[in-house]
Amino acid sequence: MQSYEPHYYEYARSAGGWESFPRREVLGYLKNKASSGNTILEIGCGTAEILGVLPTPMAYTGVERSAYAVESAKARRQLSNPGARFLVGEAARLPFR
């Protein structure tokens with residue numbers, strides 16, 4: 001059976017952009033709050049595209065239910081954001097306190 005996950009995440013990555021509403025407001029809020037002591041937890045991070053537009057380095061944890069998306073995020077983002085980590089998980093059952 002063919003997996004449509006790669007197609008879905010590629011579309012999600014290219015759709016819109018960080019200058020569109022409401023992404024622009026979320027990004028503005030995070031940029032104003034970002035400092036070296038803050039940590040961001042993103043539930044439903046997809047392929048963690050937000051890391052491409054946030055200040056680096058940043059302590060970031062992304063949780064996504066798709067193993068494909070998590071592996072893609074790791075491959076694309078961990079080198080440029082060494083403080084980032086990515087986990088496969090569900091919002092209702094987070095793997096930490």
# chains A, B, ... in the order shown; residues from 1 in each chain; ligands from 1

call {"tool": "select_by_dssp", "arguments": {"residues": "chain A", "states": "helix (DSSP H, G or I)", "output": "number ranges by chain"}}
result
A: 5-14, 23-33, 49-52, 67-77

call {"tool": "write_last_selection", "arguments": {"atoms": "N, CA and C atoms", "output": "compact mmCIF listing (two decimals), in the first residue's frame"}}
result
# COMPACT_ATOMS: atom_id res chain seq x y z
N GLU A 5 1.89 9.96 3.16
CA GLU A 5 2.52 10.90 4.09
C GLU A 5 3.52 11.83 3.42
N PRO A 6 4.43 11.34 2.60
CA PRO A 6 5.37 12.28 1.97
C PRO A 6 4.66 13.38 1.18
N HIS A 7 3.61 13.01 0.47
CA HIS A 7 2.87 14.00 -0.32
C HIS A 7 2.17 15.02 0.58
N TYR A 8 1.58 14.53 1.65
CA TYR A 8 0.88 15.42 2.58
C TYR A 8 1.85 16.43 3.19
N TYR A 9 2.97 15.97 3.70
CA TYR A 9 3.91 16.87 4.37
C TYR A 9 4.61 17.80 3.39
N GLU A 10 4.83 17.36 2.16
CA GLU A 10 5.39 18.26 1.15
C GLU A 10 4.40 19.37 0.83
N TYR A 11 3.12 19.02 0.71
CA TYR A 11 2.10 20.04 0.46
C TYR A 11 2.00 21.01 1.63
N ALA A 12 1.97 20.48 2.84
CA ALA A 12 1.87 21.32 4.03
C ALA A 12 3.07 22.26 4.14
N ARG A 13 4.24 21.79 3.75
CA ARG A 13 5.46 22.59 3.81
C ARG A 13 5.38 23.77 2.83
N SER A 14 4.80 23.53 1.66
CA SER A 14 4.78 24.56 0.63
C SER A 14 3.55 25.46 0.68
N ARG A 23 -0.32 32.23 10.84
CA ARG A 23 1.08 31.88 11.07
C ARG A 23 1.93 33.10 11.43
N ARG A 24 1.69 34.21 10.78
CA ARG A 24 2.48 35.41 11.02
C ARG A 24 2.35 35.86 12.47
N GLU A 25 1.14 35.76 13.06
CA GLU A 25 0.94 36.16 14.45
C GLU A 25 1.64 35.21 15.42
N VAL A 26 1.55 33.93 15.13
CA VAL A 26 2.25 32.94 15.97
C VAL A 26 3.75 33.18 15.93
N LEU A 27 4.27 33.38 14.75
CA LEU A 27 5.70 33.61 14.59
C LEU A 27 6.14 34.89 15.30
N GLY A 28 5.38 35.96 15.16
CA GLY A 28 5.70 37.21 15.85
C GLY A 28 5.73 37.04 17.35
N TYR A 29 4.75 36.31 17.89
CA TYR A 29 4.70 36.05 19.33
C TYR A 29 5.94 35.28 19.78
N LEU A 30 6.27 34.22 19.06
CA LEU A 30 7.42 33.40 19.45
C LEU A 30 8.73 34.16 19.33
N LYS A 31 8.88 34.98 18.30
CA LYS A 31 10.11 35.76 18.16
C LYS A 31 10.25 36.76 19.29
N ASN A 32 9.14 37.35 19.73
CA ASN A 32 9.20 38.30 20.85
C ASN A 32 9.53 37.62 22.16
N LYS A 33 9.12 36.38 22.33
CA LYS A 33 9.34 35.64 23.58
C LYS A 33 10.63 34.83 23.57
N GLU A 49 8.74 23.08 10.29
CA GLU A 49 9.08 24.20 9.40
C GLU A 49 9.30 25.51 10.17
N ILE A 50 8.68 25.64 11.32
CA ILE A 50 8.82 26.87 12.09
C ILE A 50 10.27 27.12 12.51
N LEU A 51 11.04 26.05 12.64
CA LEU A 51 12.45 26.22 13.03
C LEU A 51 13.25 26.97 11.99
N GLY A 52 12.81 26.94 10.75
CA GLY A 52 13.51 27.66 9.70
C GLY A 52 13.36 29.17 9.78
N ALA A 67 5.82 9.16 12.14
CA ALA A 67 7.25 8.85 12.17
C ALA A 67 7.94 9.43 10.94
N TYR A 68 7.25 9.43 9.80
CA TYR A 68 7.83 10.02 8.59
C TYR A 68 8.17 11.49 8.81
N ALA A 69 7.23 12.25 9.38
CA ALA A 69 7.45 13.68 9.61
C ALA A 69 8.58 13.92 10.60
N VAL A 70 8.65 13.12 11.65
CA VAL A 70 9.71 13.27 12.65
C VAL A 70 11.07 13.00 12.02
N GLU A 71 11.18 11.96 11.22
CA GLU A 71 12.47 11.67 10.56
C GLU A 71 12.84 12.77 9.58
N SER A 72 11.87 13.31 8.88
CA SER A 72 12.12 14.42 7.97
C SER A 72 12.58 15.66 8.73
N ALA A 73 11.94 15.95 9.84
CA ALA A 73 12.33 17.10 10.67
C ALA A 73 13.76 16.93 11.19
N LYS A 74 14.09 15.74 11.65
CA LYS A 74 15.45 15.48 12.14
C LYS A 74 16.47 15.71 11.04
N ALA A 75 16.19 15.18 9.88
CA ALA A 75 17.14 15.28 8.77
C ALA A 75 17.33 16.73 8.33
N ARG A 76 16.28 17.53 8.35
CA ARG A 76 16.34 18.90 7.84
C ARG A 76 16.74 19.92 8.89
N ARG A 77 16.47 19.68 10.17
CA ARG A 77 16.57 20.75 11.15
C ARG A 77 17.61 20.56 12.25

call {"tool": "select_by_dssp", "arguments": {"residues": "stretch 27-95 of chain A", "states": "strand (DSSP E or B)", "output": "list in words"}}
result
Thr39, Ile40, Leu41, Glu42, Ile43, Ala59, Tyr60, Thr61, Gly62, Val63, Glu64, Ala84, Arg85, Phe86, Leu87, Val88, Glu90 and Arg93 of chain A

call {"tool": "write_last_selection", "arguments": {"atoms": "N, CA and C atoms", "output": "PDB file, in the first residue's frame"}}
result
ATOM      1  N   THR A  39      12.189  27.574  26.297  1.00  0.00           N
ATOM      2  CA  THR A  39      12.035  26.304  25.603  1.00  0.00           C
ATOM      3  C   THR A  39      10.683  26.305  24.909  1.00  0.00           C
ATOM      4  N   ILE A  40      10.649  25.811  23.695  1.00  0.00           N
ATOM      5  CA  ILE A  40       9.393  25.709  22.948  1.00  0.00           C
ATOM      6  C   ILE A  40       9.032  24.240  22.812  1.00  0.00           C
ATOM      7  N   LEU A  41       7.768  23.935  23.121  1.00  0.00           N
ATOM      8  CA  LEU A  41       7.205  22.611  22.885  1.00  0.00           C
ATOM      9  C   LEU A  41       6.119  22.789  21.837  1.00  0.00           C
ATOM     10  N   GLU A  42       6.288  22.139  20.694  1.00  0.00           N
ATOM     11  CA  GLU A  42       5.294  22.224  19.629  1.00  0.00           C
ATOM     12  C   GLU A  42       4.630  20.860  19.455  1.00  0.00           C
ATOM     13  N   ILE A  43       3.335  20.832  19.732  1.00  0.00           N
ATOM     14  CA  ILE A  43       2.550  19.609  19.565  1.00  0.00           C
ATOM     15  C   ILE A  43       1.979  19.636  18.147  1.00  0.00           C
ATOM     16  N   ALA A  59      16.104  26.002  22.335  1.00  0.00           N
ATOM     17  CA  ALA A  59      15.680  24.724  22.915  1.00  0.00           C
ATOM     18  C   ALA A  59      14.262  24.460  22.426  1.00  0.00           C
ATOM     19  N   TYR A  60      14.103  23.457  21.605  1.00  0.00           N
ATOM     20  CA  TYR A  60      12.838  23.172  20.947  1.00  0.00           C
ATOM     21  C   TYR A  60      12.585  21.680  20.990  1.00  0.00           C
ATOM     22  N   THR A  61      11.346  21.301  21.326  1.00  0.00           N
ATOM     23  CA  THR A  61      10.919  19.918  21.231  1.00  0.00           C
ATOM     24  C   THR A  61       9.660  19.891  20.380  1.00  0.00           C
ATOM     25  N   GLY A  62       9.685  19.097  19.336  1.00  0.00           N
ATOM     26  CA  GLY A  62       8.530  18.918  18.474  1.00  0.00           C
ATOM     27  C   GLY A  62       7.997  17.512  18.630  1.00  0.00           C
ATOM     28  N   VAL A  63       6.685  17.400  18.806  1.00  0.00           N
ATOM     29  CA  VAL A  63       6.026  16.102  18.927  1.00  0.00           C
ATOM     30  C   VAL A  63       5.059  15.960  17.752  1.00  0.00           C
ATOM     31  N   GLU A  64       5.145  14.846  17.079  1.00  0.00           N
ATOM     32  CA  GLU A  64       4.296  14.594  15.910  1.00  0.00           C
ATOM     33  C   GLU A  64       3.940  13.117  15.889  1.00  0.00           C
ATOM     34  N   ALA A  84      17.374  21.330  19.127  1.00  0.00           N
ATOM     35  CA  ALA A  84      16.066  20.768  18.773  1.00  0.00           C
ATOM     36  C   ALA A  84      16.049  19.257  18.962  1.00  0.00           C
ATOM     37  N   ARG A  85      14.894  18.776  19.413  1.00  0.00           N
ATOM     38  CA  ARG A  85      14.684  17.327  19.442  1.00  0.00           C
ATOM     39  C   ARG A  85      13.276  17.049  18.964  1.00  0.00           C
ATOM     40  N   PHE A  86      13.083  15.872  18.401  1.00  0.00           N
ATOM     41  CA  PHE A  86      11.829  15.511  17.764  1.00  0.00           C
ATOM     42  C   PHE A  86      11.400  14.136  18.251  1.00  0.00           C
ATOM     43  N   LEU A  87      10.126  14.017  18.594  1.00  0.00           N
ATOM     44  CA  LEU A  87       9.608  12.773  19.141  1.00  0.00           C
ATOM     45  C   LEU A  87       8.328  12.361  18.433  1.00  0.00           C
ATOM     46  N   VAL A  88       8.167  11.070  18.225  1.00  0.00           N
ATOM     47  CA  VAL A  88       6.899  10.530  17.738  1.00  0.00           C
ATOM     48  C   VAL A  88       6.015  10.346  18.964  1.00  0.00           C
ATOM     49  N   GLU A  90       1.686  11.249  20.758  1.00  0.00           N
ATOM     50  CA  GLU A  90       0.325  11.781  20.709  1.00  0.00           C
ATOM     51  C   GLU A  90       0.174  12.856  21.778  1.00  0.00           C
ATOM     52  N   ARG A  93      -0.909  11.685  25.138  1.00  0.00           N
ATOM     53  CA  ARG A  93       0.022  10.818  25.866  1.00  0.00           C
ATOM     54  C   ARG A  93       1.448  11.271  25.618  1.00  0.00           C
TER      55      ARG A  93
END

call {"tool": "closest_residue", "arguments": {"among": "A:Arg65, A:Leu54, A:Gln78, A:Ser20", "to": "A:Pro95", "atoms": "only C-alpha atoms"}}
result
A:Arg65

call {"tool": "decode", "arguments": {"residues": "stretch 19-30 of chain A", "atoms": "all heavy atoms", "output": "PDB file, in the first residue's frame"}}
result
ATOM      1  N   GLU A  19       4.270  34.288   6.293  1.00  0.00           N
ATOM      2  CA  GLU A  19       3.766  35.654   6.216  1.00  0.00           C
ATOM      3  C   GLU A  19       2.237  35.691   6.185  1.00  0.00           C
ATOM      4  O   GLU A  19       1.645  36.756   6.239  1.00  0.00           O
ATOM      5  CB  GLU A  19       4.329  36.375   4.986  1.00  0.00           C
ATOM      6  CG  GLU A  19       3.897  35.799   3.655  1.00  0.00           C
ATOM      7  CD  GLU A  19       4.608  34.501   3.254  1.00  0.00           C
ATOM      8  OE1 GLU A  19       5.662  34.174   3.815  1.00  0.00           O
ATOM      9  OE2 GLU A  19       4.082  33.810   2.383  1.00  0.00           O
ATOM     10  N   SER A  20       1.586  34.528   6.131  1.00  0.00           N
ATOM     11  CA  SER A  20       0.123  34.482   6.071  1.00  0.00           C
ATOM     12  C   SER A  20      -0.483  34.383   7.472  1.00  0.00           C
ATOM     13  O   SER A  20       0.153  33.906   8.408  1.00  0.00           O
ATOM     14  CB  SER A  20      -0.334  33.304   5.217  1.00  0.00           C
ATOM     15  OG  SER A  20       0.064  32.084   5.812  1.00  0.00           O
ATOM     16  N   PHE A  21      -1.721  34.857   7.599  1.00  0.00           N
ATOM     17  CA  PHE A  21      -2.453  34.766   8.856  1.00  0.00           C
ATOM     18  C   PHE A  21      -2.938  33.332   9.013  1.00  0.00           C
ATOM     19  O   PHE A  21      -3.353  32.729   8.042  1.00  0.00           O
ATOM     20  CB  PHE A  21      -3.661  35.717   8.819  1.00  0.00           C
ATOM     21  CG  PHE A  21      -4.480  35.673  10.070  1.00  0.00           C
ATOM     22  CD1 PHE A  21      -4.113  36.436  11.161  1.00  0.00           C
ATOM     23  CD2 PHE A  21      -5.597  34.871  10.167  1.00  0.00           C
ATOM     24  CE1 PHE A  21      -4.857  36.399  12.332  1.00  0.00           C
ATOM     25  CE2 PHE A  21      -6.339  34.821  11.328  1.00  0.00           C
ATOM     26  CZ  PHE A  21      -5.967  35.589  12.408  1.00  0.00           C
ATOM     27  N   PRO A  22      -2.904  32.714  10.170  1.00  0.00           N
ATOM     28  CA  PRO A  22      -2.463  33.189  11.477  1.00  0.00           C
ATOM     29  C   PRO A  22      -1.007  32.876  11.779  1.00  0.00           C
ATOM     30  O   PRO A  22      -0.505  33.195  12.846  1.00  0.00           O
ATOM     31  CB  PRO A  22      -3.378  32.446  12.438  1.00  0.00           C
ATOM     32  CG  PRO A  22      -3.582  31.118  11.781  1.00  0.00           C
ATOM     33  CD  PRO A  22      -3.616  31.423  10.288  1.00  0.00           C
ATOM     34  N   ARG A  23      -0.323  32.234  10.837  1.00  0.00           N
ATOM     35  CA  ARG A  23       1.078  31.884  11.070  1.00  0.00           C
ATOM     36  C   ARG A  23       1.929  33.100  11.427  1.00  0.00           C
ATOM     37  O   ARG A  23       2.794  33.026  12.277  1.00  0.00           O
ATOM     38  CB  ARG A  23       1.667  31.191   9.846  1.00  0.00           C
ATOM     39  CG  ARG A  23       1.184  29.786   9.648  1.00  0.00           C
ATOM     40  CD  ARG A  23       1.812  29.196   8.418  1.00  0.00           C
ATOM     41  NE  ARG A  23       1.559  27.784   8.321  1.00  0.00           N
ATOM     42  CZ  ARG A  23       2.096  27.006   7.406  1.00  0.00           C
ATOM     43  NH1 ARG A  23       2.910  27.527   6.511  1.00  0.00           N
ATOM     44  NH2 ARG A  23       1.824  25.737   7.374  1.00  0.00           N
ATOM     45  N   ARG A  24       1.693  34.209  10.776  1.00  0.00           N
ATOM     46  CA  ARG A  24       2.484  35.414  11.016  1.00  0.00           C
ATOM     47  C   ARG A  24       2.353  35.863  12.473  1.00  0.00           C
ATOM     48  O   ARG A  24       3.327  36.274  13.096  1.00  0.00           O
ATOM     49  CB  ARG A  24       2.052  36.466  10.010  1.00  0.00           C
ATOM     50  CG  ARG A  24       1.945  37.856  10.459  1.00  0.00           C
ATOM     51  CD  ARG A  24       1.461  38.832   9.383  1.00  0.00           C
ATOM     52  NE  ARG A  24       0.031  39.056   9.518  1.00  0.00           N
ATOM     53  CZ  ARG A  24      -0.865  38.869   8.587  1.00  0.00           C
ATOM     54  NH1 ARG A  24      -0.524  38.432   7.401  1.00  0.00           N
ATOM     55  NH2 ARG A  24      -2.126  39.107   8.815  1.00  0.00           N
ATOM     56  N   GLU A  25       1.144  35.761  13.061  1.00  0.00           N
ATOM     57  CA  GLU A  25       0.941  36.164  14.447  1.00  0.00           C
ATOM     58  C   GLU A  25       1.643  35.211  15.416  1.00  0.00           C
ATOM     59  O   GLU A  25       2.224  35.629  16.403  1.00  0.00           O
ATOM     60  CB  GLU A  25      -0.555  36.255  14.762  1.00  0.00           C
ATOM     61  CG  GLU A  25      -1.215  37.513  14.245  1.00  0.00           C
ATOM     62  CD  GLU A  25      -1.359  37.577  12.733  1.00  0.00           C
ATOM     63  OE1 GLU A  25      -1.370  36.512  12.082  1.00  0.00           O
ATOM     64  OE2 GLU A  25      -1.437  38.692  12.202  1.00  0.00           O
ATOM     65  N   VAL A  26       1.555  33.927  15.128  1.00  0.00           N
ATOM     66  CA  VAL A  26       2.250  32.936  15.967  1.00  0.00           C
ATOM     67  C   VAL A  26       3.747  33.182  15.928  1.00  0.00           C
ATOM     68  O   VAL A  26       4.424  33.210  16.965  1.00  0.00           O
ATOM     69  CB  VAL A  26       1.923  31.498  15.500  1.00  0.00           C
ATOM     70  CG1 VAL A  26       2.803  30.479  16.199  1.00  0.00           C
ATOM     71  CG2 VAL A  26       0.455  31.193  15.717  1.00  0.00           C
ATOM     72  N   LEU A  27       4.270  33.377  14.746  1.00  0.00           N
ATOM     73  CA  LEU A  27       5.704  33.609  14.587  1.00  0.00           C
ATOM     74  C   LEU A  27       6.139  34.886  15.302  1.00  0.00           C
ATOM     75  O   LEU A  27       7.156  34.902  15.998  1.00  0.00           O
ATOM     76  CB  LEU A  27       6.064  33.685  13.110  1.00  0.00           C
ATOM     77  CG  LEU A  27       7.529  33.871  12.783  1.00  0.00           C
ATOM     78  CD1 LEU A  27       8.366  32.746  13.376  1.00  0.00           C
ATOM     79  CD2 LEU A  27       7.721  33.942  11.290  1.00  0.00           C
ATOM     80  N   GLY A  28       5.376  35.962  15.161  1.00  0.00           N
ATOM     81  CA  GLY A  28       5.698  37.210  15.846  1.00  0.00           C
ATOM     82  C   GLY A  28       5.726  37.043  17.354  1.00  0.00           C
ATOM     83  O   GLY A  28       6.627  37.535  18.035  1.00  0.00           O
ATOM     84  N   TYR A  29       4.751  36.312  17.890  1.00  0.00           N
ATOM     85  CA  TYR A  29       4.701  36.054  19.329  1.00  0.00           C
ATOM     86  C   TYR A  29       5.937  35.281  19.782  1.00  0.00           C
ATOM     87  O   TYR A  29       6.591  35.644  20.755  1.00  0.00           O
ATOM     88  CB  TYR A  29       3.431  35.279  19.684  1.00  0.00           C
ATOM     89  CG  TYR A  29       3.366  34.881  21.127  1.00  0.00           C
ATOM     90  CD1 TYR A  29       2.937  35.780  22.089  1.00  0.00           C
ATOM     91  CD2 TYR A  29       3.740  33.611  21.533  1.00  0.00           C
ATOM     92  CE1 TYR A  29       2.884  35.418  23.425  1.00  0.00           C
ATOM     93  CE2 TYR A  29       3.693  33.231  22.861  1.00  0.00           C
ATOM     94  CZ  TYR A  29       3.262  34.143  23.810  1.00  0.00           C
ATOM     95  OH  TYR A  29       3.225  33.781  25.130  1.00  0.00           O
ATOM     96  N   LEU A  30       6.265  34.219  19.062  1.00  0.00           N
ATOM     97  CA  LEU A  30       7.417  33.401  19.446  1.00  0.00           C
ATOM     98  C   LEU A  30       8.729  34.165  19.333  1.00  0.00           C
ATOM     99  O   LEU A  30       9.610  34.032  20.179  1.00  0.00           O
ATOM    100  CB  LEU A  30       7.466  32.131  18.603  1.00  0.00           C
ATOM    101  CG  LEU A  30       6.353  31.127  18.882  1.00  0.00           C
ATOM    102  CD1 LEU A  30       6.428  29.983  17.886  1.00  0.00           C
ATOM    103  CD2 LEU A  30       6.424  30.621  20.306  1.00  0.00           C
TER     104      LEU A  30
END
